[in-house]
$ cat work-v4.pdb   # PDB, C-alpha atoms and all ligand atoms
MODEL        1
ATOM      1  CA  MET F1416     264.462   9.203 289.079  1.00  0.00           C
ATOM      2  CA  MET F1417     262.622  10.947 291.903  1.00  0.00           C
ATOM      3  CA  LEU F1418     259.553  12.974 291.010  1.00  0.00           C
ATOM      4  CA  HIS F1419     257.415  15.351 293.067  1.00  0.00           C
ATOM      5  CA  ILE F1420     253.810  15.344 291.822  1.00  0.00           C
ATOM      6  CA  PRO F1421     251.786  18.236 293.293  1.00  0.00           C
ATOM      7  CA  GLU F1422     248.069  18.298 294.165  1.00  0.00           C
ATOM      8  CA  VAL F1423     247.243  14.659 293.584  1.00  0.00           C
ATOM      9  CA  LEU F1424     244.495  15.033 296.184  1.00  0.00           C
ATOM     10  CA  SER F1425     242.357  18.153 296.652  1.00  0.00           C
ATOM     11  CA  ALA F1426     242.239  19.926 300.014  1.00  0.00           C
ATOM     12  CA  ASP F1427     238.735  18.448 300.533  1.00  0.00           C
ATOM     13  CA  GLN F1428     239.952  14.914 299.865  1.00  0.00           C
ATOM     14  CA  VAL F1429     242.862  15.369 302.295  1.00  0.00           C
ATOM     15  CA  ARG F1430     240.491  16.720 304.966  1.00  0.00           C
ATOM     16  CA  HIS F1431     238.084  13.808 304.475  1.00  0.00           C
ATOM     17  CA  ILE F1432     240.848  11.207 304.763  1.00  0.00           C
ATOM     18  CA  ARG F1433     242.333  12.902 307.834  1.00  0.00           C
ATOM     19  CA  VAL F1434     238.955  12.974 309.643  1.00  0.00           C
ATOM     20  CA  GLU F1435     238.544   9.230 309.014  1.00  0.00           C
ATOM     21  CA  LEU F1436     242.122   8.514 310.101  1.00  0.00           C
ATOM     22  CA  ASP F1437     241.754  10.540 313.304  1.00  0.00           C
ATOM     23  CA  ARG F1438     239.008   8.129 314.385  1.00  0.00           C
ATOM     24  CA  ALA F1439     240.911   4.985 313.356  1.00  0.00           C
ATOM     25  CA  ASP F1440     242.659   2.355 315.479  1.00  0.00           C
ATOM     26  CA  TRP F1441     246.361   2.255 314.617  1.00  0.00           C
ATOM     27  CA  VAL F1442     248.738  -0.694 315.092  1.00  0.00           C
ATOM     28  CA  ASP F1443     252.512  -1.076 315.407  1.00  0.00           C
ATOM     29  CA  GLY F1444     254.084  -0.415 311.986  1.00  0.00           C
ATOM     30  CA  ARG F1445     256.404  -3.393 312.384  1.00  0.00           C
ATOM     31  CA  ALA F1446     253.481  -5.632 311.303  1.00  0.00           C
ATOM     32  CA  THR F1447     254.241  -5.051 307.608  1.00  0.00           C
ATOM     33  CA  VAL F1448     258.023  -5.363 307.290  1.00  0.00           C
ATOM     34  CA  GLY F1449     260.705  -8.020 307.170  1.00  0.00           C
ATOM     35  CA  ASP F1450     263.440  -8.556 309.810  1.00  0.00           C
ATOM     36  CA  GLN F1451     265.758  -5.693 308.849  1.00  0.00           C
ATOM     37  CA  GLY F1452     262.924  -3.184 308.620  1.00  0.00           C
ATOM     38  CA  ALA F1453     261.419  -4.297 311.938  1.00  0.00           C
ATOM     39  CA  ARG F1454     264.665  -3.492 313.727  1.00  0.00           C
ATOM     40  CA  VAL F1455     264.619   0.148 312.609  1.00  0.00           C
ATOM     41  CA  LYS F1456     260.906   0.939 312.222  1.00  0.00           C
ATOM     42  CA  ARG F1457     259.098   2.901 314.937  1.00  0.00           C
ATOM     43  CA  ASN F1458     255.703   4.197 313.873  1.00  0.00           C
ATOM     44  CA  ARG F1459     252.036   3.289 313.698  1.00  0.00           C
ATOM     45  CA  GLN F1460     249.977   2.095 310.746  1.00  0.00           C
ATOM     46  CA  LEU F1461     246.392   1.521 309.866  1.00  0.00           C
ATOM     47  CA  PRO F1462     245.940  -2.284 309.848  1.00  0.00           C
ATOM     48  CA  GLU F1463     246.754  -3.613 306.372  1.00  0.00           C
ATOM     49  CA  HIS F1464     243.689  -5.077 304.603  1.00  0.00           C
ATOM     50  CA  SER F1465     241.295  -3.307 306.992  1.00  0.00           C
ATOM     51  CA  PRO F1466     238.035  -2.034 305.412  1.00  0.00           C
ATOM     52  CA  LEU F1467     238.968   1.576 306.231  1.00  0.00           C
ATOM     53  CA  SER F1468     242.392   1.178 304.636  1.00  0.00           C
ATOM     54  CA  PHE F1469     240.767  -0.125 301.417  1.00  0.00           C
ATOM     55  CA  LYS F1470     238.103   2.584 301.430  1.00  0.00           C
ATOM     56  CA  LEU F1471     240.569   5.454 301.842  1.00  0.00           C
ATOM     57  CA  GLY F1472     243.073   3.779 299.538  1.00  0.00           C
ATOM     58  CA  GLU F1473     240.439   3.694 296.800  1.00  0.00           C
ATOM     59  CA  ILE F1474     240.206   7.519 296.882  1.00  0.00           C
ATOM     60  CA  ILE F1475     243.950   7.673 296.229  1.00  0.00           C
ATOM     61  CA  LEU F1476     243.940   5.021 293.491  1.00  0.00           C
ATOM     62  CA  GLU F1477     241.105   6.879 291.714  1.00  0.00           C
ATOM     63  CA  ALA F1478     243.068  10.147 291.950  1.00  0.00           C
ATOM     64  CA  LEU F1479     246.154   8.431 290.502  1.00  0.00           C
ATOM     65  CA  LYS F1480     244.159   7.151 287.514  1.00  0.00           C
ATOM     66  CA  LYS F1481     243.294  10.775 286.681  1.00  0.00           C
ATOM     67  CA  ASN F1482     246.875  11.993 287.076  1.00  0.00           C
ATOM     68  CA  PRO F1483     248.736  11.982 283.731  1.00  0.00           C
ATOM     69  CA  LEU F1484     252.058  12.833 285.373  1.00  0.00           C
ATOM     70  CA  PHE F1485     251.918   9.785 287.661  1.00  0.00           C
ATOM     71  CA  PHE F1486     251.074   7.559 284.687  1.00  0.00           C
ATOM     72  CA  ALA F1487     253.846   9.001 282.500  1.00  0.00           C
ATOM     73  CA  ALA F1488     256.477   8.707 285.230  1.00  0.00           C
ATOM     74  CA  ALA F1489     255.521   5.337 286.739  1.00  0.00           C
ATOM     75  CA  LEU F1490     254.063   3.568 283.690  1.00  0.00           C
ATOM     76  CA  PRO F1491     252.353   1.364 286.273  1.00  0.00           C
ATOM     77  CA  LYS F1492     251.373  -2.209 285.584  1.00  0.00           C
ATOM     78  CA  LYS F1493     249.979  -2.764 289.086  1.00  0.00           C
ATOM     79  CA  THR F1494     249.741  -0.539 292.137  1.00  0.00           C
ATOM     80  CA  MET F1495     249.176  -1.967 295.600  1.00  0.00           C
ATOM     81  CA  PRO F1496     246.342  -0.685 297.759  1.00  0.00           C
ATOM     82  CA  PRO F1497     247.811   2.253 299.711  1.00  0.00           C
ATOM     83  CA  LEU F1498     248.732   1.875 303.378  1.00  0.00           C
ATOM     84  CA  PHE F1499     248.643   4.676 305.952  1.00  0.00           C
ATOM     85  CA  ASN F1500     251.124   5.566 308.659  1.00  0.00           C
ATOM     86  CA  SER F1501     251.581   8.114 311.401  1.00  0.00           C
ATOM     87  CA  TYR F1502     254.682   9.307 313.236  1.00  0.00           C
ATOM     88  CA  GLU F1503     254.682  11.413 316.380  1.00  0.00           C
ATOM     89  CA  GLY F1504     256.529  11.775 319.682  1.00  0.00           C
ATOM     90  CA  GLY F1505     259.966  10.986 318.266  1.00  0.00           C
ATOM     91  CA  GLU F1506     258.794   8.072 316.090  1.00  0.00           C
ATOM     92  CA  HIS F1507     260.991   7.442 313.061  1.00  0.00           C
ATOM     93  CA  TYR F1508     261.991   4.785 310.532  1.00  0.00           C
ATOM     94  CA  GLY F1509     265.718   4.107 310.193  1.00  0.00           C
ATOM     95  CA  LEU F1510     267.584   3.494 306.939  1.00  0.00           C
ATOM     96  CA  HIS F1511     266.119   0.516 305.054  1.00  0.00           C
ATOM     97  CA  VAL F1512     265.232  -0.795 301.633  1.00  0.00           C
ATOM     98  CA  ASP F1513     261.642  -1.826 300.882  1.00  0.00           C
ATOM     99  CA  ASP F1514     260.811  -5.499 300.332  1.00  0.00           C
ATOM    100  CA  SER F1515     261.374  -6.422 296.685  1.00  0.00           C
ATOM    101  CA  VAL F1516     258.231  -8.527 296.305  1.00  0.00           C
ATOM    102  CA  ARG F1517     254.934  -7.974 298.111  1.00  0.00           C
ATOM    103  CA  HIS F1518     251.762 -10.030 298.161  1.00  0.00           C
ATOM    104  CA  LEU F1519     248.583  -8.420 296.950  1.00  0.00           C
ATOM    105  CA  PRO F1520     245.513  -8.785 299.184  1.00  0.00           C
ATOM    106  CA  ASN F1521     242.869 -11.481 298.590  1.00  0.00           C
ATOM    107  CA  ALA F1522     245.333 -13.956 297.049  1.00  0.00           C
ATOM    108  CA  ALA F1523     245.562 -11.727 293.940  1.00  0.00           C
ATOM    109  CA  GLY F1524     249.214 -12.626 293.352  1.00  0.00           C
ATOM    110  CA  SER F1525     252.335 -10.583 294.024  1.00  0.00           C
ATOM    111  CA  ILE F1526     253.994  -7.466 292.705  1.00  0.00           C
ATOM    112  CA  ARG F1527     257.620  -6.570 292.202  1.00  0.00           C
ATOM    113  CA  THR F1528     258.195  -3.217 293.907  1.00  0.00           C
ATOM    114  CA  ASP F1529     259.817  -1.020 291.242  1.00  0.00           C
ATOM    115  CA  LEU F1530     258.546   2.294 292.603  1.00  0.00           C
ATOM    116  CA  SER F1531     257.738   3.540 296.081  1.00  0.00           C
ATOM    117  CA  THR F1532     255.373   6.436 296.665  1.00  0.00           C
ATOM    118  CA  THR F1533     254.771   8.570 299.742  1.00  0.00           C
ATOM    119  CA  LEU F1534     251.672  10.770 299.626  1.00  0.00           C
ATOM    120  CA  PHE F1535     251.679  13.438 302.329  1.00  0.00           C
ATOM    121  CA  LEU F1536     248.448  13.925 304.298  1.00  0.00           C
ATOM    122  CA  SER F1537     249.886  16.395 306.856  1.00  0.00           C
ATOM    123  CA  GLY F1538     251.158  19.811 305.815  1.00  0.00           C
ATOM    124  CA  PRO F1539     254.778  20.711 306.676  1.00  0.00           C
ATOM    125  CA  GLU F1540     253.490  23.317 309.183  1.00  0.00           C
ATOM    126  CA  GLU F1541     251.826  20.592 311.267  1.00  0.00           C
ATOM    127  CA  TYR F1542     255.012  18.868 312.430  1.00  0.00           C
ATOM    128  CA  ASP F1543     258.775  19.195 312.892  1.00  0.00           C
ATOM    129  CA  GLY F1544     261.198  16.575 311.623  1.00  0.00           C
ATOM    130  CA  GLY F1545     259.701  13.668 309.688  1.00  0.00           C
ATOM    131  CA  GLU F1546     261.618  14.320 306.455  1.00  0.00           C
ATOM    132  CA  LEU F1547     261.740  11.382 304.066  1.00  0.00           C
ATOM    133  CA  VAL F1548     265.432  10.993 303.261  1.00  0.00           C
ATOM    134  CA  VAL F1549     266.220   9.075 300.073  1.00  0.00           C
ATOM    135  CA  VAL F1550     269.786   8.032 299.303  1.00  0.00           C
ATOM    136  CA  ASP F1551     270.687   7.333 295.688  1.00  0.00           C
ATOM    137  CA  THR F1552     273.722   7.567 293.444  1.00  0.00           C
ATOM    138  CA  TYR F1553     273.163  11.332 293.088  1.00  0.00           C
ATOM    139  CA  GLY F1554     273.362  11.889 296.858  1.00  0.00           C
ATOM    140  CA  THR F1555     270.911  12.329 299.702  1.00  0.00           C
ATOM    141  CA  HIS F1556     267.522  13.963 299.162  1.00  0.00           C
ATOM    142  CA  GLU F1557     265.262  15.316 301.914  1.00  0.00           C
ATOM    143  CA  VAL F1558     261.573  15.408 301.114  1.00  0.00           C
ATOM    144  CA  LYS F1559     258.747  17.133 302.996  1.00  0.00           C
ATOM    145  CA  LEU F1560     255.771  18.100 300.852  1.00  0.00           C
ATOM    146  CA  PRO F1561     252.438  19.919 301.137  1.00  0.00           C
ATOM    147  CA  ALA F1562     249.424  17.772 302.043  1.00  0.00           C
ATOM    148  CA  GLY F1563     248.007  16.174 298.886  1.00  0.00           C
ATOM    149  CA  ASP F1564     251.392  16.006 297.096  1.00  0.00           C
ATOM    150  CA  LEU F1565     253.388  12.839 296.496  1.00  0.00           C
ATOM    151  CA  ILE F1566     256.955  11.795 295.892  1.00  0.00           C
ATOM    152  CA  LEU F1567     257.711   8.898 293.576  1.00  0.00           C
ATOM    153  CA  TYR F1568     261.124   7.210 293.889  1.00  0.00           C
ATOM    154  CA  PRO F1569     262.789   3.953 292.879  1.00  0.00           C
ATOM    155  CA  SER F1570     262.216   1.188 295.434  1.00  0.00           C
ATOM    156  CA  THR F1571     265.869   0.228 295.022  1.00  0.00           C
ATOM    157  CA  SER F1572     266.878   3.345 297.034  1.00  0.00           C
ATOM    158  CA  LEU F1573     267.822   3.206 300.690  1.00  0.00           C
ATOM    159  CA  HIS F1574     265.633   5.625 302.628  1.00  0.00           C
ATOM    160  CA  ARG F1575     264.579   6.654 306.125  1.00  0.00           C
ATOM    161  CA  VAL F1576     262.101   8.888 307.935  1.00  0.00           C
ATOM    162  CA  GLU F1577     263.605  11.326 310.434  1.00  0.00           C
ATOM    163  CA  PRO F1578     262.178  11.481 313.983  1.00  0.00           C
ATOM    164  CA  VAL F1579     259.042  13.603 314.318  1.00  0.00           C
ATOM    165  CA  THR F1580     259.702  15.989 317.209  1.00  0.00           C
ATOM    166  CA  ARG F1581     256.454  18.007 317.145  1.00  0.00           C
ATOM    167  CA  GLY F1582     252.945  17.243 315.895  1.00  0.00           C
ATOM    168  CA  ALA F1583     252.061  14.264 313.723  1.00  0.00           C
ATOM    169  CA  ARG F1584     253.194  13.268 310.250  1.00  0.00           C
ATOM    170  CA  VAL F1585     250.418  11.321 308.524  1.00  0.00           C
ATOM    171  CA  CYS F1586     251.069   9.810 305.100  1.00  0.00           C
ATOM    172  CA  ALA F1587     249.851   7.183 302.681  1.00  0.00           C
ATOM    173  CA  PHE F1588     252.441   4.966 301.034  1.00  0.00           C
ATOM    174  CA  PHE F1589     252.322   2.293 298.370  1.00  0.00           C
ATOM    175  CA  TRP F1590     254.291   0.418 295.762  1.00  0.00           C
ATOM    176  CA  SER F1591     253.912   0.000 292.016  1.00  0.00           C
ATOM    177  CA  GLN F1592     255.233  -2.521 289.569  1.00  0.00           C
ATOM    178  CA  SER F1593     256.091  -0.676 286.378  1.00  0.00           C
ATOM    179  CA  MET F1594     255.690  -1.910 282.813  1.00  0.00           C
ATOM    180  CA  ILE F1595     259.304  -0.705 282.550  1.00  0.00           C
ATOM    181  CA  ARG F1596     261.435  -2.460 285.114  1.00  0.00           C
ATOM    182  CA  ASP F1597     264.614  -0.462 284.472  1.00  0.00           C
ATOM    183  CA  ASP F1598     264.716   2.954 286.158  1.00  0.00           C
ATOM    184  CA  TRP F1599     266.974   4.460 283.498  1.00  0.00           C
ATOM    185  CA  LYS F1600     264.741   3.354 280.598  1.00  0.00           C
ATOM    186  CA  ARG F1601     261.667   4.570 282.492  1.00  0.00           C
ATOM    187  CA  SER F1602     263.323   7.973 283.081  1.00  0.00           C
ATOM    188  CA  MET F1603     264.227   8.303 279.390  1.00  0.00           C
ATOM    189  CA  LEU F1604     260.659   7.509 278.341  1.00  0.00           C
ATOM    190  CA  PHE F1605     259.353  10.069 280.822  1.00  0.00           C
ATOM    191  CA  GLU F1606     261.689  12.745 279.501  1.00  0.00           C
ATOM    192  CA  LEU F1607     260.710  11.977 275.911  1.00  0.00           C
ATOM    193  CA  ASP F1608     257.008  12.013 276.805  1.00  0.00           C
ATOM    194  CA  GLN F1609     257.261  15.369 278.586  1.00  0.00           C
ATOM    195  CA  ASN F1610     259.187  16.967 275.740  1.00  0.00           C
ATOM    196  CA  ILE F1611     256.730  15.699 273.137  1.00  0.00           C
ATOM    197  CA  SER F1612     253.847  17.098 275.223  1.00  0.00           C
ATOM    198  CA  SER F1613     255.388  20.547 275.487  1.00  0.00           C
ATOM    199  CA  LEU F1614     256.343  20.534 271.803  1.00  0.00           C
ATOM    200  CA  ARG F1615     252.760  19.573 270.874  1.00  0.00           C
ATOM    201  CA  ALA F1616     251.445  22.433 273.061  1.00  0.00           C
ATOM    202  CA  LYS F1617     253.739  24.875 271.203  1.00  0.00           C
ATOM    203  CA  ILE F1618     253.410  23.780 267.592  1.00  0.00           C
ATOM    204  CA  GLY F1619     250.536  21.287 267.447  1.00  0.00           C
ATOM    205  CA  ASP F1620     250.605  17.903 265.730  1.00  0.00           C
ATOM    206  CA  SER F1621     253.263  18.542 263.106  1.00  0.00           C
ATOM    207  CA  ASP F1622     254.740  15.605 261.165  1.00  0.00           C
ATOM    208  CA  GLU F1623     257.778  15.742 263.448  1.00  0.00           C
ATOM    209  CA  VAL F1624     255.648  15.613 266.611  1.00  0.00           C
ATOM    210  CA  LEU F1625     253.772  12.624 265.179  1.00  0.00           C
ATOM    211  CA  GLY F1626     257.081  10.975 264.308  1.00  0.00           C
ATOM    212  CA  LEU F1627     258.407  11.448 267.842  1.00  0.00           C
ATOM    213  CA  THR F1628     255.124  10.184 269.305  1.00  0.00           C
ATOM    214  CA  GLY F1629     255.477   7.071 267.177  1.00  0.00           C
ATOM    215  CA  HIS F1630     259.049   6.685 268.370  1.00  0.00           C
ATOM    216  CA  TYR F1631     257.912   6.916 272.022  1.00  0.00           C
ATOM    217  CA  HIS F1632     255.315   4.200 271.499  1.00  0.00           C
ATOM    218  CA  ASN F1633     257.719   1.972 269.642  1.00  0.00           C
ATOM    219  CA  LEU F1634     260.217   2.196 272.519  1.00  0.00           C
ATOM    220  CA  LEU F1635     257.415   1.352 274.940  1.00  0.00           C
ATOM    221  CA  ARG F1636     256.473  -1.581 272.687  1.00  0.00           C
ATOM    222  CA  GLN F1637     260.085  -2.799 272.755  1.00  0.00           C
ATOM    223  CA  TRP F1638     260.514  -2.560 276.503  1.00  0.00           C
ATOM    224  CA  ALA F1639     257.129  -2.948 278.195  1.00  0.00           C
ATOM    225  CA  GLU F1640     256.200  -6.016 280.245  1.00  0.00           C
ATOM    226  CA  VAL F1641     252.423  -6.157 280.210  1.00  0.00           C
TER     227      VAL F1641
HETATM  228 NI    NI S1701     260.386   2.180 303.080  1.00  0.00          NI
ENDMDL
END

$ encode --input "work-v4.pdb" --output "structure tokens"
Amino acid sequence: MMLHIPEVLSADQVRHIRVELDRADWVDGRATVGDQGARVKRNRQLPEHSPLSFKLGEIILEALKKNPLFFAAALPKKTMPPLFNSYEGGEHYGLHVDDSVRHLPNAAGSIRTDLSTTLFLSGPEEYDGGELVVVDTYGTHEVKLPAGDLILYPSTSLHRVEPVTRGARVCAFFWSQSMIRDDWKRSMLFELDQNISSLRAKIGDSDEVLGLTGHYHNLLRQWAEV
């Protein structure tokens, strides 16, 4: 399942992060990928584990904690500190799949990458090209979102970033390990959760709504790895 979550960051938060990033020293994006990725990746990144990366990443992680849609869709067990990248002057990232296991900073163990997220920090009017293209069994999806919005997609998907031919495309990106490893089960839980929420908004906590809520939690109990 791919999900667009709007307005994860406010306009002020986006502006603040962009001002800090404009002053930052960027490095070759090939520093953070394996062999296959390095052959097709052409962009720049904020150095992983740098104090600025952690500081700005914390703003995003705090915003995610307050976002019920992200929680319902990702059911995250762990989310990696966000990384930041920039593409301009024809930079691009060819078709690749993200590494399946990544090490957390400060020897805090590893995570399995179930879900990839791209959070846009440039508005679509600021650059040409730069679409995130995700290929899954339902076809090919092109994504270019307003600044502050994110796209969540299964890390199992092949994806690429088209060349940026004008301006700069600045984004944050990160991975989550979900309590629900299986994308299909996670999608079903999300659908159930969203329907229960809208039913509750319409008719309140009827016996049926409580029954369905119990059913949701019992499925989560059956399937969750915590
Ligand atoms: Ni990727």

$ residues_around --input "work-v4.pdb" --residues "Val1512 (chain F)" --least-positions-apart "3" --cutoff "7 Å" --atoms "all atoms listed in the file" --output "ChimeraX atom specification"
/F:1571-1574

$ residues_near_ligand --input "work-v4.pdb" --ligand "ligand NI 1701 (chain S)" --cutoff "12 Å" --atoms "only C-alpha atoms and all ligand atoms" --output "MDAnalysis selection string"
chainID F and resid 1444:1445 1447:1449 1451:1453 1455:1458 1498 1500 1507:1515 1528 1530:1533 1547:1550 1567:1576 1587:1590

$ residues_around --input "work-v4.pdb" --residues "Leu1476 (chain F)" --least-positions-apart "2" --cutoff "12 Å" --atoms "all atoms listed in the file" --output "JSON list (two decimals) with C-alpha atoms, keeping the file's coordinate frame"
[["chain", "number", "residue", "atom", "x", "y", "z"],
["F", 1423, "VAL", "CA", 247.24, 14.66, 293.58],
["F", 1424, "LEU", "CA", 244.50, 15.03, 296.18],
["F", 1468, "SER", "CA", 242.39, 1.18, 304.64],
["F", 1469, "PHE", "CA", 240.77, -0.12, 301.42],
["F", 1470, "LYS", "CA", 238.10, 2.58, 301.43],
["F", 1471, "LEU", "CA", 240.57, 5.45, 301.84],
["F", 1472, "GLY", "CA", 243.07, 3.78, 299.54],
["F", 1473, "GLU", "CA", 240.44, 3.69, 296.80],
["F", 1474, "ILE", "CA", 240.21, 7.52, 296.88],
["F", 1478, "ALA", "CA", 243.07, 10.15, 291.95],
["F", 1479, "LEU", "CA", 246.15, 8.43, 290.50],
["F", 1480, "LYS", "CA", 244.16, 7.15, 287.51],
["F", 1481, "LYS", "CA", 243.29, 10.78, 286.68],
["F", 1482, "ASN", "CA", 246.88, 11.99, 287.08],
["F", 1485, "PHE", "CA", 251.92, 9.78, 287.66],
["F", 1486, "PHE", "CA", 251.07, 7.56, 284.69],
["F", 1491, "PRO", "CA", 252.35, 1.36, 286.27],
["F", 1493, "LYS", "CA", 249.98, -2.76, 289.09],
["F", 1494, "THR", "CA", 249.74, -0.54, 292.14],
["F", 1495, "MET", "CA", 249.18, -1.97, 295.60],
["F", 1496, "PRO", "CA", 246.34, -0.68, 297.76],
["F", 1497, "PRO", "CA", 247.81, 2.25, 299.71],
["F", 1498, "LEU", "CA", 248.73, 1.88, 303.38],
["F", 1532, "THR", "CA", 255.37, 6.44, 296.67],
["F", 1534, "LEU", "CA", 251.67, 10.77, 299.63],
["F", 1587, "ALA", "CA", 249.85, 7.18, 302.68],
["F", 1588, "PHE", "CA", 252.44, 4.97, 301.03],
["F", 1589, "PHE", "CA", 252.32, 2.29, 298.37],
["F", 1590, "TRP", "CA", 254.29, 0.42, 295.76],
["F", 1591, "SER", "CA", 253.91, 0.00, 292.02]]

$ atom_distance --input "work-v4.pdb" --atom1 "CA of Ser1465 (chain F)" --atom2 "CA of Glu1435 (chain F)"
13.0 Å

$ resolve_selection --input "work-v4.pdb" --expression "the PyMOL selection byres (((chain F and resi 1503) around 7) and not hetatm)" --output "MDAnalysis selection string"
chainID F and resid 1501:1502 1504:1506 1579:1584

$ atom_distance --input "work-v4.pdb" --atom1 "CA of Leu1536 (chain F)" --atom2 "CA of Arg1438 (chain F)"
15.0 Å

$ atom_distance --input "work-v4.pdb" --atom1 "CA of Leu1560 (chain F)" --atom2 "CA of Phe1535 (chain F)"
6.4 Å
